[in-house]
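A short write-up of the structure that comes next.
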Amino acid sequence: MNFNQLLKERRTIREFDKEYYIKDEELKEILEAATLAPSWANSQTWRFIILRDKNIISQIADTFSPNNPAIKCTKDSNLVLVACFEKNIAGISRRNEINYNIQSEWAMFDLGLSCENISLKIHDMGLGSVIIGAYDYNKAREILNIPENIELCAFISVGKPIKKTRIMPKRKNINEIIIKTL
Ligand SMILES: Cc1cc2nc3c(=O)[nH]c(=O)nc-3n(C[C@H](O)[C@H](O)[C@H](O)COP(=O)(O)O)c2cc1C
């Protein structure tokens, strides 16, 4: 797929074919794309928990905000990636121990870059995904038993889209995103 087409046609997908099983080779390709993102001093602090167990996936979907439109498709999914990062690495210069962590965590920034790679790769493979940020953080952490040094950020539910296309939600005009030109 040509790059512009990939950028424009990637959509959040919330209806998955329940019968389609995401193969381990497909999962591997997706994770390889995740590793290709740039990161603070190449620190690569993104970490993922792979959910395949339908019972755990269902418990996680139950932590989503009550009217979250991604609940049903997550329950229909057989692959949910839990996007996390290892804390206290990105943003800290190893050479002089200066803390450049002014934007709370560069790790979150890096994880976002990695997740965009994941979303684009999934689309390029003819699959679909939805990123979920509205969930009960404490409940989800408890279900997944996430270690102390790992921050939990988002879920990415993956599946085979049922419909071919979705209309792109309206984007801001480029003039609206420029604060000023100096
Ligand atoms: C950080 C983040 C959190 C999101 N959380 C949710 C969510 O909780 N539930 C959901 O259905 N979609 C969620 N989305 C998907 C957005 O609604 C979607 O990306 C946006 O409407 C633009 O649509 P598009 O991805 O098709 O371009 C999230 C996306 C991001 C990047």
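We label chains A, B, ... in the order they appear in the structure tokens, count residues from 1 in each chain, and number ligands from 1 in the order shown.
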
Using DSSP assignments from the backbone, pull out every residue in region 45-168 of chain A that falls under alpha helix (DSSP H) and give it to me as number ranges by chain.
A: 54-61, 71-76, 106-124, 137-144

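Residue neighbourhood of Asn149 (chain A), excluding near-sequence residues (fewer than 4 positions): Phe85, Glu86, Lys87 and Asn88 of chain A, at 9 Å, using only C-alpha atoms.
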
Since we have the selection now, will you write its residues out, keeping N, CA and C atoms, as a compact mmCIF listing (two decimals), in the first residue's frame?
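Everything below was put into out13.txt:
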# COMPACT_ATOMS: atom_id res chain seq x y z
N PHE A 85 4.88 0.95 29.41
CA PHE A 85 6.29 1.31 29.28
C PHE A 85 7.02 1.09 30.60
N GLU A 86 8.34 0.88 30.47
CA GLU A 86 9.16 0.73 31.67
C GLU A 86 9.52 2.13 32.16
N LYS A 87 9.31 2.36 33.44
CA LYS A 87 9.45 3.72 34.00
C LYS A 87 10.91 4.10 34.27
N ASN A 88 11.12 5.40 34.40
CA ASN A 88 12.40 5.97 34.86
C ASN A 88 13.61 5.63 34.00

Write out as a PyMOL selection string each polymer residue (protein, DNA or RNA) that has an atom no more than 9 Å from ligand 1, with only C-alpha atoms and all ligand atoms counted.
chain A and resi 8-14+64-65+67-71+112+115-116+119+129-135+153-155+166-171

With distances taken over only C-alpha atoms, which of A:Asp62, A:Asp53, A:Glu176, A:Glu105 is nearest to Ser39 (chain A)?
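Nearest candidate to Ser39 (chain A) out of A:Asp62, A:Asp53, A:Glu176, A:Glu105: A:Glu105.
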
As JSON, numbers by chain, which residues of chain A does DSSP assign to strand (DSSP E or B)?
{"A": [12, 16, 46, 47, 48, 49, 50, 51, 64, 79, 80, 81, 82, 83, 84, 85, 86, 92, 99, 128, 129, 130, 131, 132, 135, 150, 151, 152, 153, 154, 155, 156, 157, 158, 159, 161]}
